[in-house]
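The structure file query-v1.csv is reproduced below (CSV, C-alpha atoms).
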chain,number,residue,atom,x,y,z
R,61,MET,CA,-7.3,3.4,47.8
R,62,SER,CA,-8.9,0.4,46.0
R,63,TYR,CA,-10.0,2.6,43.0
R,64,LEU,CA,-6.4,3.8,42.6
R,65,PHE,CA,-5.2,0.3,42.6
R,66,TRP,CA,-7.8,-0.8,40.0
R,67,SER,CA,-7.2,2.2,37.8
R,68,GLN,CA,-3.5,1.5,37.7
R,69,THR,CA,-4.0,-2.2,37.2
R,70,ILE,CA,-6.5,-1.4,34.3
R,71,ILE,CA,-3.9,0.9,32.7
R,72,TRP,CA,-1.3,-1.9,32.9
R,73,ALA,CA,-3.9,-4.2,31.3
R,74,VAL,CA,-4.4,-1.7,28.5
R,75,LEU,CA,-0.7,-1.6,27.8
R,76,ALA,CA,-0.6,-5.4,27.8
R,77,ALA,CA,-3.6,-5.4,25.4
R,78,TYR,CA,-1.6,-3.0,23.1
R,79,LEU,CA,1.3,-5.4,23.2
R,80,ILE,CA,-1.0,-8.4,22.3
R,81,ILE,CA,-2.5,-6.4,19.4
R,82,LEU,CA,1.0,-5.7,18.0
R,83,ALA,CA,2.0,-9.4,18.4
R,84,LYS,CA,-1.3,-10.5,16.7
R,85,LYS,CA,-0.7,-8.2,13.8
R,86,SER,CA,2.9,-9.5,13.4
R,87,LYS,CA,1.6,-13.1,13.5
R,88,GLN,CA,-1.1,-12.3,10.9
R,89,ILE,CA,1.5,-10.8,8.5
R,90,GLY,CA,4.0,-13.6,9.3
R,91,THR,CA,1.3,-16.2,8.3
R,92,GLU,CA,0.5,-14.3,5.1
R,93,LEU,CA,4.2,-14.1,4.3
R,94,ASP,CA,4.6,-17.9,4.8
R,95,ILE,CA,1.7,-18.6,2.5
R,96,ILE,CA,3.1,-16.4,-0.3
R,97,ARG,CA,6.6,-17.9,0.1
R,98,LYS,CA,5.2,-21.4,-0.1
R,99,ASP,CA,3.2,-20.5,-3.2
R,100,LEU,CA,6.3,-19.0,-4.8
R,101,ASP,CA,8.3,-22.1,-4.0
R,102,LYS,CA,5.6,-24.3,-5.5
R,103,ASP,CA,5.6,-22.2,-8.7
R,104,LYS,CA,9.4,-22.5,-8.9
R,105,GLN,CA,9.2,-26.3,-8.7
Z,7,MET,CA,10.1,-14.3,26.3
Z,8,LEU,CA,12.6,-13.8,29.2
Z,9,LEU,CA,12.2,-10.0,28.9
Z,10,ILE,CA,8.4,-10.4,29.1
Z,11,ILE,CA,8.6,-12.5,32.2
Z,12,ILE,CA,11.1,-10.0,33.9
Z,13,SER,CA,8.8,-7.1,32.8
Z,14,PHE,CA,5.7,-8.9,34.3
Z,15,ILE,CA,7.5,-9.5,37.6
Z,16,SER,CA,8.7,-5.9,37.7
Z,17,VAL,CA,5.1,-4.6,37.1
Z,18,VAL,CA,3.9,-6.8,40.1
Z,19,ILE,CA,6.7,-5.5,42.3
Z,20,SER,CA,5.9,-2.0,41.2
Z,21,LEU,CA,2.3,-2.4,42.2
Z,22,TYR,CA,3.3,-3.9,45.6
Z,23,ALA,CA,5.8,-1.0,46.2
Z,24,THR,CA,3.2,1.6,45.2
Z,25,PHE,CA,0.3,0.4,47.3
Z,26,ILE,CA,2.0,-1.4,50.2
Z,27,TYR,CA,5.7,-0.5,50.6
Z,28,ALA,CA,5.5,3.3,50.0
Z,29,PRO,CA,4.3,5.4,52.9
Z,30,SER,CA,1.2,7.6,52.5
Z,31,GLU,CA,2.0,11.2,51.7
Z,32,VAL,CA,1.2,13.6,54.5
Z,33,ILE,CA,-0.7,16.4,52.7
Z,34,MET,CA,-2.2,14.7,49.6
Z,35,GLY,CA,-2.8,11.3,51.2
Z,36,GLU,CA,-3.5,8.1,49.2
Z,37,ILE,CA,-4.0,9.9,45.8
Z,38,GLN,CA,-0.3,10.7,45.7
Z,39,ARG,CA,0.4,7.0,45.0
Z,40,ILE,CA,-0.5,7.5,41.4
Z,41,PHE,CA,2.5,9.8,41.1
Z,42,TYR,CA,4.9,6.8,40.7
Z,43,PHE,CA,3.1,5.5,37.6
Z,44,HIS,CA,2.6,9.0,36.4
Z,45,MET,CA,6.4,9.6,36.6
Z,46,GLY,CA,7.0,6.3,34.8
Z,47,THR,CA,4.8,7.3,31.9
Z,48,VAL,CA,6.5,10.7,31.7
Z,49,TRP,CA,9.9,9.1,31.6
Z,50,VAL,CA,9.0,6.6,28.9
Z,51,ALA,CA,7.3,9.3,26.8
Z,52,SER,CA,10.4,11.5,27.1
Z,53,VAL,CA,12.7,8.6,26.1
Z,54,ALA,CA,10.5,7.7,23.2
Z,55,PHE,CA,10.4,11.3,21.9
Z,56,THR,CA,14.2,11.6,22.3
Z,57,ILE,CA,14.5,8.4,20.2
Z,58,VAL,CA,12.2,9.9,17.6
Z,59,PHE,CA,14.4,13.1,17.5
Z,60,ILE,CA,17.7,11.2,17.2
Z,61,SER,CA,16.4,8.6,14.6
Z,62,SER,CA,14.8,11.4,12.5
Z,63,ILE,CA,18.1,13.2,12.3
Z,64,MET,CA,19.8,9.9,11.4
Z,65,PHE,CA,17.1,9.3,8.7
Z,66,LEU,CA,17.7,12.7,7.2
Z,67,VAL,CA,21.5,12.2,7.2
Z,68,ASN,CA,21.6,8.7,5.6
Z,69,GLY,CA,18.0,8.0,4.4
Z,70,LYS,CA,18.0,4.5,5.7
Z,71,ARG,CA,14.6,3.0,6.3
Z,72,LYS,CA,15.6,1.5,9.7
Z,73,TRP,CA,15.8,4.9,11.2
Z,74,ASP,CA,12.4,5.8,9.8
Z,75,ILE,CA,11.0,2.6,11.3
Z,76,LEU,CA,12.5,3.4,14.7
Z,77,SER,CA,11.2,6.9,14.6
Z,78,LEU,CA,7.7,5.9,13.7
Z,79,SER,CA,7.6,3.1,16.3
Z,80,ALA,CA,9.0,5.2,19.1
Z,81,ALA,CA,6.5,8.0,18.3
Z,82,GLU,CA,3.5,5.7,18.4
Z,83,ILE,CA,4.5,4.3,21.8
Z,84,GLY,CA,5.4,7.8,23.0
Z,85,VAL,CA,1.9,9.0,22.2
Z,86,VAL,CA,0.4,6.0,24.1
Z,87,PHE,CA,2.5,6.9,27.2
Z,88,ILE,CA,1.9,10.7,27.0
Z,89,THR,CA,-1.8,9.9,26.8
Z,90,LEU,CA,-1.4,7.8,30.0
Z,91,THR,CA,0.5,10.7,31.5
Z,92,ILE,CA,-2.4,13.1,30.9
Z,93,VAL,CA,-4.9,10.5,32.1
Z,94,THR,CA,-3.0,9.7,35.4
Z,95,GLY,CA,-2.3,13.4,35.9
Z,96,SER,CA,-6.1,14.1,35.7
Z,97,ILE,CA,-6.9,11.3,38.1
Z,98,TRP,CA,-4.4,13.0,40.5
Z,99,ALA,CA,-5.6,16.5,39.8
Z,100,LYS,CA,-9.3,16.0,40.5
Z,101,PRO,CA,-9.0,15.4,44.3
Z,102,VAL,CA,-6.0,17.7,44.8
Z,103,TRP,CA,-6.9,20.7,42.6
Z,104,GLY,CA,-10.6,20.1,42.4
Z,105,THR,CA,-10.6,19.9,38.6
Z,106,TRP,CA,-9.7,17.2,36.0
Z,107,TRP,CA,-7.9,19.8,33.9
Z,108,THR,CA,-6.5,23.4,34.1
Z,109,TRP,CA,-4.5,25.4,31.6
Z,110,ASP,CA,-1.4,25.5,33.9
Z,111,PRO,CA,1.9,26.1,31.9
Z,112,GLN,CA,3.1,22.5,32.3
Z,113,LEU,CA,-0.3,20.9,31.4
Z,114,THR,CA,-0.7,23.2,28.4
Z,115,THR,CA,2.8,22.4,27.0
Z,116,THR,CA,2.1,18.7,27.7
Z,117,PHE,CA,-1.1,18.9,25.8
Z,118,ILE,CA,0.7,20.6,22.9
Z,119,LEU,CA,3.3,17.8,22.9
Z,120,TRP,CA,0.5,15.2,22.7
Z,121,ILE,CA,-1.0,17.1,19.7
Z,122,LEU,CA,2.3,17.6,18.0
Z,123,TYR,CA,3.1,13.8,18.0
Z,124,ILE,CA,-0.4,12.8,17.0
Z,125,VAL,CA,0.1,15.1,14.0
Z,126,TYR,CA,3.5,13.5,13.3
Z,127,LEU,CA,1.9,10.1,13.2
Z,128,ILE,CA,-0.8,11.4,10.8
Z,129,ILE,CA,1.8,13.0,8.5
Z,130,ARG,CA,4.0,9.9,8.6
Z,131,SER,CA,1.1,7.6,7.9
Z,132,VAL,CA,-0.1,9.8,4.9
Z,133,ALA,CA,3.5,9.8,3.6
Z,134,GLY,CA,3.6,6.0,3.1
Z,135,ASP,CA,6.5,5.1,0.8
Z,136,ASN,CA,7.0,8.6,-0.5
Z,137,MET,CA,10.6,9.4,0.5
Z,138,LYS,CA,10.2,13.2,0.2
Z,139,GLN,CA,7.1,13.2,2.5
Z,140,ALA,CA,8.8,10.8,4.9
Z,141,LYS,CA,11.7,13.3,5.2
Z,142,PHE,CA,9.2,16.1,5.7
Z,143,ALA,CA,7.8,14.1,8.6
Z,144,ALA,CA,11.3,13.7,10.0
Z,145,VAL,CA,11.9,17.4,9.9
Z,146,TYR,CA,8.5,18.0,11.5
Z,147,SER,CA,9.4,15.6,14.4
Z,148,ILE,CA,12.7,17.3,15.0
Z,149,ILE,CA,10.9,20.7,15.4
Z,150,ALA,CA,8.2,19.0,17.5
Z,151,PHE,CA,10.9,17.8,19.9
Z,152,ILE,CA,11.6,21.4,21.0
Z,153,ASP,CA,8.4,21.2,23.1
Z,154,LEU,CA,9.8,18.4,25.3
Z,155,PRO,CA,12.3,20.5,27.2
Z,156,ILE,CA,9.7,23.4,27.3
Z,157,VAL,CA,7.4,21.0,29.3
Z,158,TYR,CA,10.1,20.4,31.8
Z,159,ILE,CA,11.2,24.1,32.0
Z,160,SER,CA,7.7,25.5,32.1
Z,161,ALA,CA,6.9,24.3,35.6
Z,162,ARG,CA,10.1,25.9,36.9
Z,163,LEU,CA,10.2,29.2,35.0
Z,164,LYS,CA,6.6,30.1,35.0
Z,165,ARG,CA,5.2,28.7,38.2
Z,166,GLY,CA,1.6,27.4,37.8
Z,167,ILE,CA,0.0,24.9,40.1
Z,168,SER,CA,2.0,21.8,38.8
Z,169,PRO,CA,4.3,20.6,41.7
Z,170,VAL,CA,8.0,20.7,41.2
Z,171,VAL,CA,9.5,17.6,42.9
Z,172,PHE,CA,12.9,17.1,41.5
Z,173,GLY,CA,15.8,19.4,40.5
Z,174,PRO,CA,16.2,23.1,41.4
Z,175,GLY,CA,13.4,24.3,43.5
Z,176,GLY,CA,12.0,20.8,44.0
Z,177,GLY,CA,10.7,19.5,47.3
Z,178,GLY,CA,12.3,16.0,47.0
Z,179,ILE,CA,10.8,12.8,48.3
Z,180,GLU,CA,11.4,10.2,51.1
Z,181,ARG,CA,13.7,7.2,50.6
Z,182,GLU,CA,10.9,4.6,50.3
Z,183,MET,CA,9.1,6.8,47.8
Z,184,LEU,CA,12.3,7.2,45.8
Z,185,ILE,CA,12.8,3.4,45.7
Z,186,THR,CA,9.2,2.9,44.7
Z,187,MET,CA,9.6,5.4,41.9
Z,188,MET,CA,12.8,3.7,40.7
Z,189,ILE,CA,11.1,0.3,40.6
Z,190,THR,CA,8.1,1.8,38.6
Z,191,LEU,CA,10.6,3.5,36.2
Z,192,ILE,CA,12.3,0.2,35.6
Z,193,ALA,CA,8.9,-1.6,35.1
Z,194,CYS,CA,7.8,1.1,32.6
Z,195,THR,CA,11.2,1.1,30.8
Z,196,LEU,CA,11.2,-2.7,30.4
Z,197,PHE,CA,7.6,-2.6,29.0
Z,198,PHE,CA,8.7,0.2,26.6
Z,199,ILE,CA,11.6,-1.9,25.3
Z,200,ILE,CA,9.2,-4.9,24.7
Z,201,LEU,CA,6.7,-2.7,22.9
Z,202,LEU,CA,9.3,-0.9,20.8
Z,203,ARG,CA,10.8,-4.2,19.7
Z,204,GLU,CA,7.4,-5.6,18.8
Z,205,ARG,CA,6.4,-2.4,16.9
Z,206,ILE,CA,9.7,-2.4,14.9
Z,207,ASN,CA,9.2,-6.1,14.1
Z,208,LEU,CA,5.7,-5.3,12.8
Z,209,GLU,CA,6.9,-2.5,10.6
Z,210,LYS,CA,9.7,-4.6,9.2
Z,211,MET,CA,7.2,-7.4,8.4
Z,212,ARG,CA,4.9,-5.0,6.7
Z,213,ASP,CA,7.9,-3.9,4.5
Z,214,ASP,CA,8.7,-7.5,3.7
Z,215,LEU,CA,5.0,-8.1,2.7
Z,216,LYS,CA,4.9,-5.0,0.5
Z,217,LEU,CA,8.2,-6.0,-1.2
Z,218,ILE,CA,7.2,-9.6,-1.9
Z,219,LYS,CA,3.8,-8.4,-3.2
Z,220,SER,CA,5.4,-5.9,-5.5
Z,221,ARG,CA,7.8,-8.5,-6.9
Z,222,ILE,CA,4.8,-10.9,-7.6
Z,223,ARG,CA,3.0,-8.1,-9.5
Z,224,GLN,CA,6.1,-7.5,-11.6
What is this file in structure tokens?
Amino acid sequence: MSYLFWSQTIIWAVLAAYLIILAKKSKQIGTELDIIRKDLDKDKQ
Amino acid sequence: MLLIIISFISVVISLYATFIYAPSEVIMGEIQRIFYFHMGTVWVASVAFTIVFISSIMFLVNGKRKWDILSLSAAEIGVVFITLTIVTGSIWAKPVWGTWWTWDPQLTTTFILWILYIVYLIIRSVAGDNMKQAKFAAVYSIIAFIDLPIVYISARLKRGISPVVFGPGGGGIEREMLITMMITLIACTLFFIILLRERINLEKMRDDLKLIKSRIRQ
């Protein structure tokens, strides 16, 4: 039964990794957006 | 954040219920315990593809990008979960059927479903900002959805070796098993909601970035 438990735990971990990847991509784009917006604000000033 | 915490707790409870609370199945033994998670992935994939179907119709009706984003996001998560359905099904099949895979009607239609939505993701990714091609992808996903009820019906109409547990002709399950399955369905559904929200957010941010970059170029 231990292999069943570990296989299911690993699958949940894979799903968690997928969520982390999505969150990291969003964070990267968010940072890029912030930099561009700040640059645009500087240009306006 | 609260949803993530609740989801994490439900996953832990689901693992506890699957491996400690639920009784061992008399004929199949311990391997049957994978059934709970298998059903959870089937459920989420079905919900995801139904969302793709509805949002694709909405996108064709009013052409609003939000429906296109919802369709794309749900399809991607649906493909992840249907892949897990096939993987967990194979883990179950090996000791029970003596093979990882067989071309049983339900397995074959599930495999076709998997391919259909992978093709949808490819078509949608190639389409990019092209509205005409995005609408073509939406029409394709509506047609692809036809396979989902066929997967369900196939095991009942054309009996292969896939077991029928619920509905007409199904064997049913014990109370503890049903409770465990419901807990796992809740855990999978909560995780799906978190993933879908994050995936939609990512796509919206990509749109914002594209827009802001195109404005700078002008």
>> Would you compute the distance between CA of Ala144 in chain Z and CA of Gly84 in chain Z? Give it in Å to one decimal.
In response: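 Interatomic distance, CA of Ala144 in chain Z to CA of Gly84 in chain Z: 15.4 Å.
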> Given a cut-off of 7 Å, which residues of chain Z touch chain R, counting all atoms listed in the file, written out as a ChimeraX atom specification?
Replying inline: /Z:36,201,204-205,208,211-212,215
Residues near Met188 in chain Z, cut-off 12 Å, all atoms listed in the file, skip fewer than 2 positions along chain, as a tab-separated table (two decimals) with C-alpha atoms, in the coordinates of the input:
chain	number	residue	atom	x	y	z
Z	16	SER	CA	8.70	-5.90	37.70
Z	17	VAL	CA	5.10	-4.60	37.10
Z	19	ILE	CA	6.70	-5.50	42.30
Z	20	SER	CA	5.90	-2.00	41.20
Z	23	ALA	CA	5.80	-1.00	46.20
Z	24	THR	CA	3.20	1.60	45.20
Z	28	ALA	CA	5.50	3.30	50.00
Z	41	PHE	CA	2.50	9.80	41.10
Z	42	TYR	CA	4.90	6.80	40.70
Z	43	PHE	CA	3.10	5.50	37.60
Z	45	MET	CA	6.40	9.60	36.60
Z	46	GLY	CA	7.00	6.30	34.80
Z	49	TRP	CA	9.90	9.10	31.60
Z	181	ARG	CA	13.70	7.20	50.60
Z	182	GLU	CA	10.90	4.60	50.30
Z	183	MET	CA	9.10	6.80	47.80
Z	184	LEU	CA	12.30	7.20	45.80
Z	185	ILE	CA	12.80	3.40	45.70
Z	186	THR	CA	9.20	2.90	44.70
Z	190	THR	CA	8.10	1.80	38.60
Z	191	LEU	CA	10.60	3.50	36.20
Z	192	ILE	CA	12.30	0.20	35.60
Z	193	ALA	CA	8.90	-1.60	35.10
Z	194	CYS	CA	7.80	1.10	32.60
Z	195	THR	CA	11.20	1.10	30.80
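Among the candidates Z:Lys219, Z:Ile128, Z:Ile149, Z:Leu90, the residue lying nearest to Val74 in chain R is Z:Leu90 (atoms considered: only C-alpha atoms).
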> Hey, can you check how far CA of Leu113 in chain Z sits from CA of Ser62 in chain Z?
Replying inline: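 Interatomic distance, CA of Leu113 in chain Z to CA of Ser62 in chain Z: 26.0 Å.
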> Nearest to Phe59 in chain Z: which of Z:Ala150, Z:Leu119, Z:Ile222, Z:Ile189 is it, counting only C-alpha atoms?
Replying inline: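 Under the stated criterion, the closest residue is Z:Ala150.
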>> Every residue with an atom at most 12 Å from (-1.0, 21.0, 27.4) (file coordinates; all atoms listed in the file) is what I'm after, so could you write them as a ChimeraX atom specification?
In response: /Z:88-89,91-92,95-96,107-122,153-154,156-158,160-161,168
>> Just the number, please: distance in Å from CA of Met7 in chain Z to CA of Arg71 in chain Z, one decimal.
In response: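 Answer for the CA of Met7 in chain Z to CA of Arg71 in chain Z separation: 26.8 Å.
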When you write range 23-36 of chain Z out from the block above, keep all heavy atoms and present the result as a short mmCIF file (atom, residue, chain, number, x, y, z; two decimals), in the first residue's frame, please.
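Now in decode-v7.cif:
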data_model
loop_
_atom_site.label_atom_id
_atom_site.label_comp_id
_atom_site.auth_asym_id
_atom_site.auth_seq_id
_atom_site.Cartn_x
_atom_site.Cartn_y
_atom_site.Cartn_z
N ALA Z 23 -8.54 9.79 4.46
CA ALA Z 23 -9.74 8.99 4.19
C ALA Z 23 -9.42 7.84 3.22
O ALA Z 23 -9.89 6.72 3.40
CB ALA Z 23 -10.83 9.88 3.61
N THR Z 24 -8.60 8.14 2.21
CA THR Z 24 -8.28 7.12 1.19
C THR Z 24 -7.48 5.96 1.80
O THR Z 24 -7.78 4.79 1.51
CB THR Z 24 -7.46 7.78 0.05
OG1 THR Z 24 -8.23 8.82 -0.54
CG2 THR Z 24 -7.10 6.76 -1.02
N PHE Z 25 -6.48 6.28 2.62
CA PHE Z 25 -5.57 5.22 3.07
C PHE Z 25 -5.84 4.68 4.47
O PHE Z 25 -5.30 3.65 4.84
CB PHE Z 25 -4.12 5.70 2.94
CG PHE Z 25 -3.73 5.89 1.49
CD1 PHE Z 25 -3.72 7.15 0.92
CD2 PHE Z 25 -3.43 4.80 0.70
CE1 PHE Z 25 -3.39 7.33 -0.41
CE2 PHE Z 25 -3.11 4.97 -0.64
CZ PHE Z 25 -3.09 6.23 -1.20
N ILE Z 26 -6.66 5.38 5.27
CA ILE Z 26 -6.90 4.90 6.63
C ILE Z 26 -8.40 4.65 6.89
O ILE Z 26 -8.79 3.59 7.35
CB ILE Z 26 -6.33 5.89 7.68
CG1 ILE Z 26 -4.79 5.92 7.51
CG2 ILE Z 26 -6.69 5.49 9.11
CD1 ILE Z 26 -4.09 7.06 8.18
N TYR Z 27 -9.24 5.64 6.54
CA TYR Z 27 -10.67 5.56 6.85
C TYR Z 27 -11.42 4.54 5.98
O TYR Z 27 -12.18 3.71 6.50
CB TYR Z 27 -11.30 6.95 6.73
CG TYR Z 27 -12.80 6.98 6.87
CD1 TYR Z 27 -13.40 6.74 8.10
CD2 TYR Z 27 -13.61 7.25 5.76
CE1 TYR Z 27 -14.79 6.77 8.23
CE2 TYR Z 27 -14.99 7.28 5.89
CZ TYR Z 27 -15.58 7.04 7.11
OH TYR Z 27 -16.93 7.06 7.23
N ALA Z 28 -11.17 4.58 4.67
CA ALA Z 28 -11.92 3.71 3.75
C ALA Z 28 -11.51 2.25 3.93
O ALA Z 28 -10.33 1.95 4.08
CB ALA Z 28 -11.67 4.15 2.31
N PRO Z 29 -12.52 1.34 3.91
CA PRO Z 29 -12.17 -0.08 4.05
C PRO Z 29 -11.53 -0.62 2.78
O PRO Z 29 -11.69 -0.04 1.70
CB PRO Z 29 -13.53 -0.74 4.30
CG PRO Z 29 -14.52 0.18 3.66
CD PRO Z 29 -13.95 1.56 3.77
N SER Z 30 -10.84 -1.72 2.93
CA SER Z 30 -10.20 -2.36 1.78
C SER Z 30 -11.26 -3.08 0.95
O SER Z 30 -12.14 -3.74 1.52
CB SER Z 30 -9.15 -3.34 2.29
OG SER Z 30 -8.30 -3.70 1.27
N GLU Z 31 -11.19 -2.97 -0.35
CA GLU Z 31 -12.18 -3.63 -1.22
C GLU Z 31 -11.92 -5.14 -1.23
O GLU Z 31 -10.75 -5.57 -1.27
CB GLU Z 31 -12.07 -3.02 -2.63
CG GLU Z 31 -13.36 -3.01 -3.41
CD GLU Z 31 -13.59 -4.27 -4.22
OE1 GLU Z 31 -12.61 -4.98 -4.49
OE2 GLU Z 31 -14.74 -4.54 -4.56
N VAL Z 32 -13.00 -5.92 -1.17
CA VAL Z 32 -12.88 -7.37 -0.98
C VAL Z 32 -12.16 -8.06 -2.16
O VAL Z 32 -11.25 -8.86 -1.96
CB VAL Z 32 -14.29 -8.01 -0.78
CG1 VAL Z 32 -14.18 -9.51 -0.57
CG2 VAL Z 32 -15.00 -7.34 0.38
N ILE Z 33 -12.54 -7.73 -3.39
CA ILE Z 33 -11.99 -8.44 -4.54
C ILE Z 33 -10.65 -7.85 -5.02
O ILE Z 33 -9.68 -8.57 -5.18
CB ILE Z 33 -13.02 -8.46 -5.71
CG1 ILE Z 33 -14.31 -9.17 -5.24
CG2 ILE Z 33 -12.45 -9.18 -6.94
CD1 ILE Z 33 -15.51 -8.96 -6.13
N MET Z 34 -10.64 -6.54 -5.21
CA MET Z 34 -9.43 -5.91 -5.77
C MET Z 34 -8.34 -5.65 -4.73
O MET Z 34 -7.18 -5.49 -5.06
CB MET Z 34 -9.81 -4.60 -6.48
CG MET Z 34 -10.50 -4.82 -7.80
SD MET Z 34 -10.90 -3.28 -8.60
CE MET Z 34 -12.43 -2.84 -7.84
N GLY Z 35 -8.74 -5.54 -3.47
CA GLY Z 35 -7.76 -5.28 -2.41
C GLY Z 35 -7.34 -3.83 -2.36
O GLY Z 35 -8.11 -2.93 -2.70
N GLU Z 36 -6.07 -3.61 -1.95
CA GLU Z 36 -5.57 -2.25 -1.70
C GLU Z 36 -5.54 -1.35 -2.94
O GLU Z 36 -5.72 -0.15 -2.85
CB GLU Z 36 -4.17 -2.31 -1.08
CG GLU Z 36 -4.09 -3.06 0.23
CD GLU Z 36 -4.91 -2.42 1.34
OE1 GLU Z 36 -5.31 -1.26 1.20
OE2 GLU Z 36 -5.18 -3.13 2.34
#
